[in-house]
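**Student:** Right, I'll just put the structure down here and ask away after.
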Amino acid sequence: MKKYECTLCSYVYDPATGDPDNGVDPGTAFEDLPDDWVCPECGAEKDEFEPLD
C-alpha cells in the first residue's frame with residue numbers, strides 16, 4: 001500500500017500505521033479512509049494529499 005503526503009504540511013499517511021488517534025486502524029489504505037478524514041497535523045482534506053513514490 002502506498003504512502004501519501006500532505007501537500008500543505010508534509011505529513012505522511014502510512015497505511016501500515018493508520019491514524020489510531022482518529023479512529024483509523026493500521027492496514028487501512030488511503031483510498032479506504034472516510035471521506036471526512038482530514039490531515040491530523042493541519043486539517044487538510046484528502047484531496048490535498050499526493051502519493052509518494
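For the C-alpha cells, the naming scheme is as follows: chains receive sequential letters (A, B, ...) according to their order of presentation, residues are indexed from 1 within each chain, and ligands are indexed from 1 in presentation order.
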Would you kindly return, as number ranges by chain, each protein, DNA or RNA residue with an atom no farther than 12 Å from any atom of stretch 9-12 of chain A, considering only C-alpha atoms and excluding same-chain residues fewer than 5 positions away?
**Tutor:** A: 2-4, 17-19, 30, 38-46, 48-52
**Student:** Next, the residues of the selection above should be written as a short mmCIF file (atom, residue, chain, number, x, y, z; two decimals), in the first residue's frame with C-alpha atoms.
**Tutor:**
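Now in result.cif:
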```cif
data_model
loop_
_atom_site.label_atom_id
_atom_site.label_comp_id
_atom_site.auth_asym_id
_atom_site.auth_seq_id
_atom_site.Cartn_x
_atom_site.Cartn_y
_atom_site.Cartn_z
CA LYS A 2 1.22 3.44 -0.93
CA LYS A 3 2.05 6.23 1.48
CA TYR A 4 0.51 9.65 0.84
CA THR A 17 0.42 2.67 10.88
CA GLY A 18 -3.01 4.11 10.10
CA ASP A 19 -4.20 7.04 12.22
CA PHE A 30 -5.53 5.78 1.89
CA VAL A 38 -8.52 15.19 7.43
CA CYS A 39 -4.79 15.54 7.97
CA PRO A 40 -4.12 15.13 11.70
CA GLU A 41 -1.39 17.77 11.54
CA CYS A 42 -3.02 20.65 9.64
CA GLY A 43 -6.64 19.68 8.93
CA ALA A 44 -6.23 19.47 5.14
CA GLU A 45 -8.79 17.39 3.26
CA LYS A 46 -7.90 14.17 1.43
CA GLU A 48 -4.59 17.81 -0.63
CA PHE A 49 -2.59 14.55 -0.45
CA GLU A 50 -0.37 13.11 -3.16
CA PRO A 51 1.09 9.58 -3.41
CA LEU A 52 4.74 9.14 -2.52
#
```
**Student:** Could you pull out the helix (DSSP H, G or I) residues of chain A from DSSP and send them as a list of chain:residue names?
**Tutor:**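 Residues of chain A classed as helix (DSSP H, G or I): A:Pro20, A:Asp21, A:Asn22, A:Phe30, A:Glu31, A:Asp32, A:Lys46, A:Asp47, A:Glu48.
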**Student:** Hey, what's within 9 Å of A:Thr28 if we count only C-alpha atoms and toss same-chain stuff fewer than 4 positions away? As a ChimeraX atom specification, please?
**Tutor:** /A:1,14-19,24,32-33
**Student:** For the residues selected in the previous step, produce a file with N, CA, C and O atoms as an mmCIF file, in the first residue's frame.
**Tutor:**
```
data_model
loop_
_atom_site.group_PDB
_atom_site.id
_atom_site.type_symbol
_atom_site.label_atom_id
_atom_site.label_comp_id
_atom_site.auth_asym_id
_atom_site.auth_seq_id
_atom_site.Cartn_x
_atom_site.Cartn_y
_atom_site.Cartn_z
ATOM 1 N N MET A 1 0.842 -1.189 0.000
ATOM 2 C CA MET A 1 0.000 0.000 0.000
ATOM 3 C C MET A 1 0.883 1.247 0.000
ATOM 4 O O MET A 1 1.894 1.299 0.688
ATOM 5 N N ASP A 14 0.803 6.768 6.507
ATOM 6 C CA ASP A 14 1.361 5.441 6.260
ATOM 7 C C ASP A 14 0.282 4.405 6.585
ATOM 8 O O ASP A 14 -0.128 4.288 7.740
ATOM 9 N N PRO A 15 -0.198 3.665 5.569
ATOM 10 C CA PRO A 15 -1.251 2.681 5.809
ATOM 11 C C PRO A 15 -0.871 1.626 6.842
ATOM 12 O O PRO A 15 -1.729 1.101 7.531
ATOM 13 N N ALA A 16 0.418 1.323 6.951
ATOM 14 C CA ALA A 16 0.854 0.318 7.919
ATOM 15 C C ALA A 16 0.597 0.787 9.354
ATOM 16 O O ALA A 16 0.356 -0.019 10.247
ATOM 17 N N THR A 17 0.635 2.093 9.561
ATOM 18 C CA THR A 17 0.422 2.675 10.880
ATOM 19 C C THR A 17 -1.019 3.110 11.080
ATOM 20 O O THR A 17 -1.550 3.049 12.186
ATOM 21 N N GLY A 18 -1.659 3.567 9.996
ATOM 22 C CA GLY A 18 -3.010 4.112 10.100
ATOM 23 C C GLY A 18 -2.983 5.457 10.816
ATOM 24 O O GLY A 18 -1.972 6.151 10.828
ATOM 25 N N ASP A 19 -4.086 5.795 11.447
ATOM 26 C CA ASP A 19 -4.198 7.036 12.223
ATOM 27 C C ASP A 19 -5.044 6.708 13.457
ATOM 28 O O ASP A 19 -6.182 7.141 13.580
ATOM 29 N N VAL A 24 -8.580 5.412 12.777
ATOM 30 C CA VAL A 24 -8.218 4.686 11.556
ATOM 31 C C VAL A 24 -7.242 3.570 11.933
ATOM 32 O O VAL A 24 -6.132 3.828 12.401
ATOM 33 N N ASP A 32 -9.274 3.978 1.298
ATOM 34 C CA ASP A 32 -10.355 3.490 2.160
ATOM 35 C C ASP A 32 -10.631 4.394 3.358
ATOM 36 O O ASP A 32 -11.506 4.088 4.169
ATOM 37 N N LEU A 33 -9.882 5.485 3.469
ATOM 38 C CA LEU A 33 -10.143 6.420 4.571
ATOM 39 C C LEU A 33 -11.525 7.038 4.389
ATOM 40 O O LEU A 33 -11.969 7.255 3.260
#
```
**Student:** List every residue of stretch 5-50 of chain A that DSSP, applied to the backbone of this structure, places in strand (DSSP E or B), and write the result as number ranges by chain.
**Tutor:** A: 5-6, 12-13, 19, 24, 38, 45, 49-50
**Student:** Keeping only N, CA and C atoms, write the selected residues to a file as a CSV table (one decimal), in the first residue's frame.
**Tutor:**
```csv
chain,number,residue,atom,x,y,z
A,5,GLU,N,1.4,11.9,1.0
A,5,GLU,CA,1.9,13.1,1.7
A,5,GLU,C,1.0,14.3,1.6
A,6,CYS,N,0.8,15.0,2.7
A,6,CYS,CA,0.0,16.2,2.6
A,6,CYS,C,0.8,17.3,1.9
A,12,VAL,N,2.9,12.5,6.4
A,12,VAL,CA,2.9,11.3,5.6
A,12,VAL,C,1.9,10.4,6.2
A,13,TYR,N,0.8,10.0,5.5
A,13,TYR,CA,-0.1,8.9,5.9
A,13,TYR,C,0.5,7.6,5.5
A,19,ASP,N,-4.1,5.8,11.4
A,19,ASP,CA,-4.2,7.0,12.2
A,19,ASP,C,-5.0,6.7,13.5
A,24,VAL,N,-8.6,5.4,12.8
A,24,VAL,CA,-8.2,4.7,11.6
A,24,VAL,C,-7.2,3.6,11.9
A,38,VAL,N,-9.4,14.1,7.8
A,38,VAL,CA,-8.5,15.2,7.4
A,38,VAL,C,-7.1,14.9,8.0
A,45,GLU,N,-7.9,18.5,3.7
A,45,GLU,CA,-8.8,17.4,3.3
A,45,GLU,C,-8.0,16.4,2.4
A,49,PHE,N,-3.6,15.6,-0.6
A,49,PHE,CA,-2.6,14.5,-0.4
A,49,PHE,C,-2.2,14.0,-1.8
A,50,GLU,N,-0.9,13.7,-1.9
A,50,GLU,CA,-0.4,13.1,-3.2
A,50,GLU,C,0.4,11.8,-2.8
```
